[in-house]
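S.K.: Contents of query.cif (mmCIF, C-alpha atoms and all ligand atoms):
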```cif
data_start
#
loop_
_atom_site.label_atom_id
_atom_site.label_comp_id
_atom_site.auth_asym_id
_atom_site.auth_seq_id
_atom_site.Cartn_x
_atom_site.Cartn_y
_atom_site.Cartn_z
CA MET A 25 130.07 222.57 -7.95
CA THR A 26 131.80 223.40 -11.24
CA ALA A 27 133.90 226.56 -11.64
CA ALA A 28 131.14 228.06 -13.79
CA ASP A 29 128.52 227.31 -11.12
CA ALA A 30 130.72 228.85 -8.44
CA ALA A 31 131.18 232.02 -10.50
CA LEU A 32 127.42 232.22 -11.05
CA ASP A 33 126.81 231.75 -7.34
CA ALA A 34 129.29 234.51 -6.46
CA ALA A 35 127.62 236.86 -8.96
CA LEU A 36 124.22 236.14 -7.38
CA CYS A 37 125.52 236.66 -3.84
CA ALA A 38 126.92 240.03 -4.95
CA LEU A 39 123.36 240.93 -5.94
CA GLY A 40 122.11 240.07 -2.45
CA TRP A 41 121.11 236.42 -3.05
CA SER A 42 121.27 234.29 0.09
CA ALA A 43 120.23 230.96 1.60
CA PHE A 44 116.85 232.52 2.40
CA PHE A 45 116.09 232.83 -1.33
CA ALA A 46 117.97 229.71 -2.48
CA GLY A 47 115.83 227.70 -0.05
CA GLN A 48 112.69 228.73 -1.93
CA ARG A 49 113.76 227.06 -5.18
CA ARG A 50 111.62 224.01 -5.88
CA GLU A 51 112.85 220.88 -7.64
CA ASP A 52 111.13 221.81 -10.89
CA GLU A 53 112.73 225.26 -10.83
CA THR A 54 116.40 224.39 -11.21
CA GLU A 55 116.51 225.75 -14.77
CA LEU A 56 115.04 229.13 -13.85
CA LEU A 57 117.22 232.24 -13.52
CA PRO A 58 117.05 234.31 -10.34
CA ALA A 59 116.93 238.06 -11.00
CA ARG A 60 116.59 241.12 -8.77
CA ILE A 61 114.14 243.88 -9.69
CA SER A 62 116.05 247.14 -10.25
CA SER A 63 113.38 249.38 -11.77
CA VAL A 64 109.58 249.43 -11.78
CA HIS A 65 107.86 251.41 -14.54
CA ARG A 66 104.18 251.63 -15.40
CA THR A 67 104.23 248.77 -17.90
CA ARG A 68 107.67 247.17 -17.61
CA LEU A 69 110.24 246.00 -15.10
CA GLY A 70 114.02 246.09 -15.12
CA ALA A 71 116.08 243.43 -13.33
CA LEU A 72 119.64 242.28 -12.74
CA SER A 73 120.63 238.67 -13.29
CA ALA A 74 124.01 237.06 -12.63
CA ALA A 75 124.76 237.65 -16.32
CA GLY A 76 123.73 241.32 -16.36
CA PRO A 77 120.66 243.55 -16.83
CA ILE A 78 117.49 241.98 -18.27
CA GLU A 79 113.91 243.03 -18.91
CA PRO A 80 111.63 240.31 -17.51
CA VAL A 81 108.43 239.64 -19.45
CA LEU A 82 105.43 240.12 -17.16
CA PRO A 83 103.10 237.14 -16.71
CA HIS A 84 99.69 237.31 -18.41
CA ARG A 85 97.59 239.90 -16.55
CA GLY A 86 100.62 240.68 -14.36
CA ARG A 87 100.94 244.25 -13.07
CA THR A 88 104.17 246.06 -12.31
CA THR A 89 102.65 247.46 -9.10
CA SER A 90 102.92 243.98 -7.55
CA TYR A 91 106.72 244.25 -7.57
CA ALA A 92 109.05 246.29 -5.39
CA ILE A 93 112.58 247.43 -6.11
CA GLY A 94 114.84 244.80 -4.54
CA ASP A 95 112.43 241.89 -5.11
CA TRP A 96 113.83 238.54 -6.23
CA VAL A 97 112.04 236.75 -9.07
CA PHE A 98 112.54 233.62 -11.16
CA VAL A 99 112.57 234.07 -14.93
CA GLU A 100 112.68 231.51 -17.73
CA ALA A 101 116.20 231.52 -19.19
CA HIS A 102 115.45 231.80 -22.92
CA THR A 103 112.14 233.73 -22.95
CA LEU A 104 112.85 235.91 -19.85
CA ARG A 105 109.24 235.24 -18.89
CA LEU A 106 108.74 236.09 -15.22
CA ILE A 107 107.56 232.91 -13.46
CA ARG A 108 107.16 234.01 -9.85
CA ARG A 109 108.32 236.34 -7.13
CA LEU A 110 110.15 234.89 -4.14
CA ASP A 111 109.07 235.54 -0.56
CA ARG A 112 110.50 238.78 0.78
CA ARG A 113 112.80 239.03 3.76
CA THR A 114 111.72 242.62 4.43
CA LEU A 115 109.25 244.99 2.81
CA LEU A 116 108.89 248.74 3.08
CA GLN A 117 105.44 250.01 2.16
CA ARG A 118 104.04 253.51 2.06
CA HIS A 119 100.64 255.12 1.95
CA THR A 120 100.21 257.41 -1.01
CA GLU A 121 97.88 260.36 -0.98
CA GLY A 122 94.37 259.50 -2.14
CA ARG A 123 94.95 255.77 -2.60
CA ARG A 124 93.81 252.94 -0.39
CA GLU A 125 96.40 250.48 -1.57
CA LEU A 126 99.82 250.58 0.03
CA GLN A 127 102.63 251.28 -2.42
CA LEU A 128 105.57 248.88 -2.32
CA ALA A 129 108.64 251.05 -1.81
CA ALA A 130 111.53 248.60 -1.39
CA ALA A 131 112.03 244.91 -0.65
CA ASN A 132 114.79 242.82 0.89
CA VAL A 133 116.49 245.82 2.44
CA ASP A 134 119.01 245.18 5.24
CA THR A 135 119.46 248.72 6.54
CA LEU A 136 117.13 251.68 6.32
CA PHE A 137 119.00 254.99 6.27
CA ILE A 138 116.59 257.52 7.78
CA VAL A 139 117.90 260.80 6.44
CA THR A 140 117.32 264.24 7.94
CA SER A 141 119.36 267.43 7.99
CA CYS A 142 120.93 269.58 10.69
CA ASN A 143 118.40 272.35 9.98
CA ALA A 144 114.65 273.06 10.08
CA ASP A 145 113.91 269.60 8.65
CA PHE A 146 114.87 267.96 11.96
CA ASN A 147 111.61 266.89 13.60
CA PRO A 148 111.49 264.21 16.33
CA ALA A 149 107.84 263.26 15.67
CA ARG A 150 108.53 262.59 11.97
CA LEU A 151 111.74 260.70 12.70
CA GLU A 152 109.84 258.51 15.16
CA ARG A 153 107.38 257.66 12.38
CA TYR A 154 110.21 256.47 10.17
CA LEU A 155 111.63 254.46 13.05
CA ALA A 156 108.28 252.77 13.70
CA LEU A 157 108.15 251.90 10.00
CA ALA A 158 111.69 250.50 9.95
CA ASN A 159 111.09 248.44 13.10
CA GLN A 160 107.87 247.05 11.71
CA ALA A 161 109.54 246.12 8.43
CA GLU A 162 112.37 244.48 10.44
CA MET A 163 114.99 246.66 8.79
CA ASN A 164 117.90 247.92 10.84
CA PRO A 165 117.44 251.71 11.13
CA VAL A 166 120.45 254.04 11.01
CA MET A 167 119.84 257.77 11.28
CA LEU A 168 121.87 260.06 9.05
CA LEU A 169 122.06 263.78 9.80
CA THR A 170 123.23 265.49 6.62
CA LYS A 171 124.54 269.04 6.14
CA ALA A 172 126.70 268.74 9.27
CA ASP A 173 129.18 270.87 7.29
CA THR A 174 126.78 273.84 7.32
CA VAL A 175 126.36 274.15 11.09
CA THR A 176 128.50 274.40 14.20
CA ASP A 177 126.14 272.44 16.46
CA ALA A 178 125.76 269.11 14.62
CA GLU A 179 126.46 267.34 17.91
CA THR A 180 123.34 268.92 19.47
CA TYR A 181 121.21 267.42 16.69
CA ARG A 182 122.94 264.08 17.16
CA GLN A 183 122.17 264.06 20.90
CA GLN A 184 118.50 264.82 20.15
CA ALA A 185 118.35 261.91 17.70
CA LEU A 186 120.13 259.42 19.94
CA VAL A 187 117.32 259.48 22.52
CA LEU A 188 114.62 258.64 19.95
CA GLN A 189 115.23 254.90 20.21
CA ARG A 190 117.34 252.71 22.44
CA GLY A 191 120.61 251.68 20.77
CA LEU A 192 119.94 253.78 17.67
CA GLU A 193 122.99 254.60 15.56
CA VAL A 194 123.14 258.25 14.54
CA ILE A 195 125.72 259.70 12.19
CA ALA A 196 126.21 263.37 11.32
CA LEU A 197 127.92 263.86 7.97
CA ASN A 198 128.38 265.88 4.82
CA ALA A 199 126.55 263.94 2.11
CA ARG A 200 128.60 265.65 -0.61
CA SER A 201 131.97 264.58 0.78
CA PRO A 202 133.58 261.29 -0.31
CA ASP A 203 134.21 260.68 3.41
CA ALA A 204 130.51 259.81 3.71
CA ALA A 205 131.10 256.63 1.70
CA THR A 206 133.88 255.57 4.09
CA ILE A 207 131.77 256.34 7.17
CA LEU A 208 128.80 254.33 5.82
CA ALA A 209 130.89 251.43 4.49
CA PRO A 210 129.99 249.08 7.41
CA TRP A 211 126.38 248.92 6.12
CA CYS A 212 127.25 248.83 2.45
CA GLY A 213 129.38 245.70 2.03
CA THR A 214 129.04 243.10 -0.74
CA GLY A 215 125.49 241.82 -1.16
CA LEU A 216 123.99 244.21 1.42
CA THR A 217 121.11 246.50 0.49
CA VAL A 218 120.34 249.89 2.02
CA ALA A 219 117.39 252.18 1.27
CA MET A 220 117.14 255.94 1.82
CA VAL A 221 114.03 257.57 3.25
CA GLY A 222 113.43 261.11 4.44
CA SER A 223 111.75 264.34 3.38
CA SER A 224 112.50 266.16 0.16
CA GLY A 225 115.76 268.09 0.12
CA VAL A 226 117.59 266.28 2.93
CA GLY A 227 120.21 264.87 0.55
CA LYS A 228 119.10 261.29 -0.23
CA SER A 229 120.11 261.46 -3.89
CA THR A 230 123.29 263.36 -2.98
CA LEU A 231 124.20 260.44 -0.69
CA VAL A 232 123.37 257.89 -3.38
CA ASN A 233 125.73 259.69 -5.75
CA THR A 234 128.47 259.74 -3.13
CA LEU A 235 127.98 256.07 -2.16
CA ALA A 236 127.70 254.80 -5.71
CA GLY A 237 130.44 257.07 -7.01
CA LEU A 238 128.02 258.08 -9.76
CA VAL A 239 129.35 260.45 -12.39
CA GLY A 240 128.22 261.90 -15.70
CA GLU A 241 124.95 260.64 -17.17
CA ASP A 242 124.31 258.11 -14.39
CA VAL A 243 124.20 260.70 -11.66
CA GLN A 244 120.98 260.99 -9.60
CA VAL A 245 119.63 264.51 -10.12
CA THR A 246 119.65 266.61 -6.95
CA GLY A 247 117.74 269.83 -6.24
CA SER A 248 118.09 272.98 -4.20
CA ILE A 249 116.05 273.69 -1.06
CA ARG A 250 114.13 276.80 0.04
CA GLU A 251 116.20 279.12 2.23
CA ASN A 252 113.50 279.96 4.78
CA ASP A 253 112.26 276.51 5.85
CA ALA A 254 114.79 274.09 4.28
CA LYS A 255 112.02 272.35 2.29
CA GLY A 256 113.05 270.51 -0.86
CA ARG A 257 111.42 270.55 -4.29
CA HIS A 258 110.65 266.84 -4.78
CA THR A 259 113.43 266.35 -7.28
CA THR A 260 113.43 262.53 -7.28
CA THR A 261 110.16 261.08 -8.60
CA SER A 262 110.83 257.35 -8.94
CA ARG A 263 112.67 254.66 -7.03
CA SER A 264 115.90 253.16 -8.31
CA LEU A 265 118.60 250.68 -7.34
CA HIS A 266 122.30 251.53 -7.62
CA ARG A 267 125.46 249.55 -7.04
CA ILE A 268 127.67 250.94 -4.28
CA ALA A 269 131.41 251.18 -4.95
CA GLY A 270 132.08 248.91 -1.92
CA GLY A 271 129.87 246.10 -3.27
CA GLY A 272 126.42 246.72 -1.80
CA TRP A 273 123.22 248.23 -3.21
CA VAL A 274 121.37 251.45 -2.45
CA ILE A 275 117.75 252.30 -3.21
CA ASP A 276 116.90 255.99 -3.69
CA THR A 277 113.28 256.97 -3.02
CA PRO A 278 111.32 260.19 -3.59
CA GLY A 279 110.90 262.39 -0.51
CA LEU A 280 107.54 261.90 1.20
CA ARG A 281 105.11 264.79 1.67
CA THR A 282 103.34 262.99 4.47
CA LEU A 283 104.01 259.76 6.24
CA HIS A 284 101.16 257.77 7.73
CA VAL A 285 101.67 254.94 10.15
CA SER A 286 99.47 251.84 10.06
CA GLU A 287 99.80 248.22 11.14
CA ALA A 288 102.91 249.15 13.10
CA THR A 289 101.98 248.19 16.67
CA ASP A 290 105.11 246.10 17.24
CA GLY A 291 107.29 248.73 15.59
CA ILE A 292 105.90 251.40 17.94
CA ASP A 293 106.52 249.16 20.98
CA THR A 294 110.18 248.79 19.98
CA LEU A 295 110.50 252.52 19.32
CA PHE A 296 109.09 253.49 22.71
CA ALA A 297 110.70 250.63 24.64
CA GLU A 298 111.22 252.82 27.73
CA ILE A 299 107.42 253.29 27.98
CA THR A 300 106.60 249.67 27.08
CA ASP A 301 109.02 248.53 29.81
CA LEU A 302 107.33 250.65 32.49
CA ALA A 303 103.78 249.47 31.78
CA PRO A 304 104.00 246.20 33.82
CA ASP A 305 104.71 248.35 36.91
CA CYS A 306 101.41 250.24 36.58
CA ARG A 307 98.74 249.29 39.12
CA PHE A 308 96.19 248.46 36.42
CA ARG A 309 96.93 246.02 33.66
CA ASP A 310 94.97 248.05 31.11
CA CYS A 311 96.49 251.36 32.25
CA THR A 312 96.36 254.02 29.54
CA HIS A 313 98.98 256.15 31.35
CA THR A 314 96.75 259.21 31.26
CA GLN A 315 95.43 259.74 34.82
CA GLU A 316 95.30 256.35 36.57
CA PRO A 317 96.55 256.12 40.15
CA GLY A 318 99.71 254.04 40.53
CA CYS A 319 100.79 254.64 36.93
CA ALA A 320 104.51 254.00 36.52
CA VAL A 321 104.67 256.01 33.28
CA ILE A 322 103.15 259.15 34.83
CA ALA A 323 105.51 258.68 37.78
CA ALA A 324 108.48 258.62 35.38
CA VAL A 325 107.32 261.90 33.83
CA LYS A 326 106.99 263.47 37.31
CA GLU A 327 110.47 262.24 38.25
CA GLY A 328 111.85 263.74 35.07
CA THR A 329 113.16 260.47 33.61
CA LEU A 330 110.59 260.47 30.78
CA PRO A 331 109.93 263.72 28.88
CA GLN A 332 106.25 264.68 28.69
CA GLU A 333 106.61 265.44 24.93
CA ARG A 334 107.85 261.93 24.30
CA LEU A 335 104.79 260.47 26.07
CA ASP A 336 102.51 262.78 24.07
CA ARG A 337 104.10 261.74 20.78
CA TRP A 338 103.79 258.06 21.74
CA ARG A 339 100.07 258.49 22.41
CA LYS A 340 99.49 260.39 19.18
CA LEU A 341 101.32 257.82 17.06
CA LEU A 342 99.49 254.94 18.74
CA GLU A 343 96.12 256.60 18.09
CA GLU A 344 96.97 257.21 14.45
CA ASN A 345 98.13 253.63 14.07
CA GLN A 346 94.91 252.31 15.58
CA ALA A 347 92.79 254.54 13.34
CA ASN A 348 94.63 253.30 10.23
CA THR A 349 94.89 249.63 11.15
CA PRO A 350 92.03 247.41 9.98
CA VAL A 351 90.52 245.31 12.73
CA LEU A 352 90.24 241.68 11.73
CA THR A 353 87.91 239.15 13.21
CA GLY A 354 89.80 236.19 14.63
CA ALA A 355 88.92 232.51 14.30
CA ARG A 356 86.80 232.49 17.45
CA GLY A 357 85.38 235.92 16.86
CA ASN A 358 88.18 237.56 18.85
CA ARG A 359 88.96 241.02 17.73
CA THR A 360 92.62 241.24 16.85
CA THR A 361 94.55 243.99 15.20
CA ALA A 362 96.09 243.09 11.87
CA LYS A 363 99.69 241.94 11.92
CA LYS A 364 102.02 242.55 9.06
CA ARG A 365 101.58 240.09 6.22
CA TYR A 366 104.17 239.62 3.46
N1 LIG B 1 126.30 271.46 2.24
C1 LIG B 1 125.61 270.34 2.06
N2 LIG B 1 124.64 270.29 1.12
C2 LIG B 1 123.95 269.13 0.97
C3 LIG B 1 124.21 267.98 1.77
N3 LIG B 1 123.35 267.01 1.40
C4 LIG B 1 122.60 267.51 0.40
N4 LIG B 1 122.95 268.79 0.13
C5 LIG B 1 122.31 269.69 -0.86
O1 LIG B 1 120.90 269.70 -0.58
C6 LIG B 1 120.13 269.79 -1.77
C7 LIG B 1 119.08 268.69 -1.86
O2 LIG B 1 119.72 267.42 -2.02
P1 LIG B 1 119.02 266.16 -2.76
O3 LIG B 1 120.04 265.07 -2.74
O4 LIG B 1 118.44 266.55 -4.06
O5 LIG B 1 117.84 265.84 -1.76
P2 LIG B 1 116.80 264.59 -1.83
O6 LIG B 1 116.66 264.11 -0.42
O7 LIG B 1 117.21 263.60 -2.82
O8 LIG B 1 115.43 265.33 -2.25
P3 LIG B 1 114.16 264.73 -3.12
O9 LIG B 1 114.68 263.98 -4.27
O10 LIG B 1 113.44 265.99 -3.48
O11 LIG B 1 113.38 263.89 -2.15
C8 LIG B 1 121.15 269.77 -2.91
O12 LIG B 1 121.41 271.11 -3.30
C9 LIG B 1 122.38 269.14 -2.27
O13 LIG B 1 123.58 269.54 -2.90
C10 LIG B 1 125.25 268.09 2.79
O14 LIG B 1 125.52 267.15 3.56
N5 LIG B 1 125.90 269.27 2.87
MG MG B 2 116.29 262.82 -4.50
ZN ZN B 3 100.29 253.51 33.45
#
```
Could you render the structure from this file as structure tokens?

M.R.:
Amino acid sequence: MTAADAALDAALCALGWSAFFAGQRREDETELLPARISSVHRTRLGALSAAGPIEPVLPHRGRTTSYAIGDWVFVEAHTLRLIRRLDRRTLLQRHTEGRRELQLAAANVDTLFIVTSCNADFNPARLERYLALANQAEMNPVMLLTKADTVTDAETYRQQALVLQRGLEVIALNARSPDAATILAPWCGTGLTVAMVGSSGVGKSTLVNTLAGLVGEDVQVTGSIRENDAKGRHTTTSRSLHRIAGGGWVIDTPGLRTLHVSEATDGIDTLFAEITDLAPDCRFRDCTHTQEPGCAVIAAVKEGTLPQERLDRWRKLLEENQANTPVLTGARGNRTTAKKRY
């Protein structure tokens, strides 16, 4: 490898390029430039190449809605014509109100920061939805509890969050303090990508500004919240990618009004592992854990090792997931639920 090639390679790795993407380059594609999508507008895309920002030219009949922030694409060096998108390592999708199609929120994300605040926004059922989504997308979830500086009982919130999923990392912080960047540095190293999700007003853009060290014109606009219920005002309206001072990348997203779960069966199993683990001990293999004799899950609730509310939320989420998940017909006419397809 020449010195110039090595420098190019280092620049790509800093953008999040890895063997997973390099392995997708075909022999006839050696001249093409890899670029990472950094903004998605109605009719145009923005991207970052090893040489700097570019505006890829969409293929004939190409639509910007087919691309997610964080996607890797190949473009032709001199024309900047977009040739193709590379397979994604991870993909975060969301349902938008009134549309059937899933919206592509962020691709190739390593860690999903699920953001909530130490106030009225804290809601276990909603946080579980985000966790199911992160698990399903195979992104490592980390829960951030902002506004810890405004309360005296941040630790109580942290304890409530810790029990939502086995092994979950939960961090209470002040999103406005530069300390937040130091605390979150382990997930934000060179080439790593994190995305922020959470309701409006929890401090996602505030965190992006702190992590990216954004100042002046580049700053992500933040908004105030209502005093009585801590609800935000939907200040951020589009997704964007920002470089973190420590070398990684952060994707800001607009706060969601509602969050629907679909095609997340595996993600829900991971989230409620303590229930999934008990099921083999039930007397009946198809036990629904509602009233069956010899049910290990009901026994755990009676013994006090599994909270009834947790079981109720599991059932509700599973029902919603089933209602939203299309049922496919398998090769031999077997009914199977749809698995995630990238
Ligand atoms: N005291 C304190 N205020 C915070 C903290 N995090 C955010 N805020 C304030 O909360 C308000 C909302 O923050 P934003 O960053 O705009 O929230 P957002 O999650 O981006 O909201 P949307 O863009 O509407 O989805 C702003 O006034 C922030 O200054 C924190 O940790 N401590
Ligand atoms: Mg915002
Ligand atoms: Zn059972």

S.K.: I'd like the contact shell of region 219-229 of chain A - 9 Å cut-off, only C-alpha atoms, skipping same-chain residues fewer than 3 positions apart - returned as a VMD selection string.

M.R.: chain A and resid 130 133 to 141 145 151 154 169 to 171 199 to 200 232 to 234 243 to 250 254 to 260 265 273 to 282

S.K.: Which one of A:Asp95, A:Glu51, A:Glu193, A:Glu152 sits closest to Met167 (chain A) if you count all atoms listed in the file?

M.R.: A:Glu193

S.K.: Once you count only C-alpha atoms, which residues end up no further than 8 Å from (108.5, 246.9, -17.2) in the file's frame, shown as number ranges by chain?

M.R.: A: 63-70, 79-82, 88

S.K.: So, counting only C-alpha atoms and all ligand atoms, which residue among A:Trp96, A:Asn348, A:Leu231, A:Ser42 is closest to ligand MG 2 (chain B)?

M.R.: A:Leu231

S.K.: Using CA of Arg118 (chain A) and atom O14 of ligand LIG 1 (chain B) as the two end points, give the distance in Å to one decimal.

M.R.: 25.5 Å

S.K.: Tell me which protein, DNA and RNA residues are within 8 Å of Gln48 (chain A), counting all atoms listed in the file, leaving out same-chain ones fewer than 4 positions away, and put them as a VMD selection string.

M.R.: chain A and resid 44 110 to 111

S.K.: With N, CA and C atoms as the target, complete region 85-97 of chain A and hand it back as a short mmCIF file (atom, residue, chain, number, x, y, z; two decimals), in the frame of the given file.

M.R.:
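This went into part-v4.cif:
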```cif
data_model
loop_
_atom_site.label_atom_id
_atom_site.label_comp_id
_atom_site.auth_asym_id
_atom_site.auth_seq_id
_atom_site.Cartn_x
_atom_site.Cartn_y
_atom_site.Cartn_z
N ARG A 85 98.35 239.14 -17.53
CA ARG A 85 97.59 239.90 -16.55
C ARG A 85 98.43 240.39 -15.37
N GLY A 86 99.75 240.22 -15.45
CA GLY A 86 100.62 240.68 -14.36
C GLY A 86 100.71 242.20 -14.36
N ARG A 87 100.83 242.79 -13.16
CA ARG A 87 100.94 244.25 -13.07
C ARG A 87 102.25 244.62 -12.40
N THR A 88 102.87 245.69 -12.88
CA THR A 88 104.17 246.06 -12.31
C THR A 88 104.04 246.51 -10.86
N THR A 89 102.84 246.97 -10.47
CA THR A 89 102.65 247.46 -9.10
C THR A 89 102.75 246.35 -8.05
N SER A 90 102.77 245.08 -8.51
CA SER A 90 102.92 243.98 -7.55
C SER A 90 104.38 243.76 -7.18
N TYR A 91 105.29 244.48 -7.82
CA TYR A 91 106.72 244.25 -7.57
C TYR A 91 107.35 245.48 -6.93
N ALA A 92 108.32 245.21 -6.05
CA ALA A 92 109.05 246.29 -5.39
C ALA A 92 110.50 246.26 -5.85
N ILE A 93 111.15 247.40 -5.84
CA ILE A 93 112.58 247.43 -6.11
C ILE A 93 113.25 246.55 -5.05
N GLY A 94 114.15 245.68 -5.49
CA GLY A 94 114.84 244.80 -4.54
C GLY A 94 114.23 243.41 -4.47
N ASP A 95 113.06 243.22 -5.09
CA ASP A 95 112.43 241.89 -5.11
C ASP A 95 113.29 240.89 -5.88
N TRP A 96 113.21 239.63 -5.46
CA TRP A 96 113.83 238.54 -6.23
C TRP A 96 112.73 237.80 -7.00
N VAL A 97 113.00 237.50 -8.26
CA VAL A 97 112.04 236.75 -9.07
C VAL A 97 112.77 235.64 -9.81
#
```
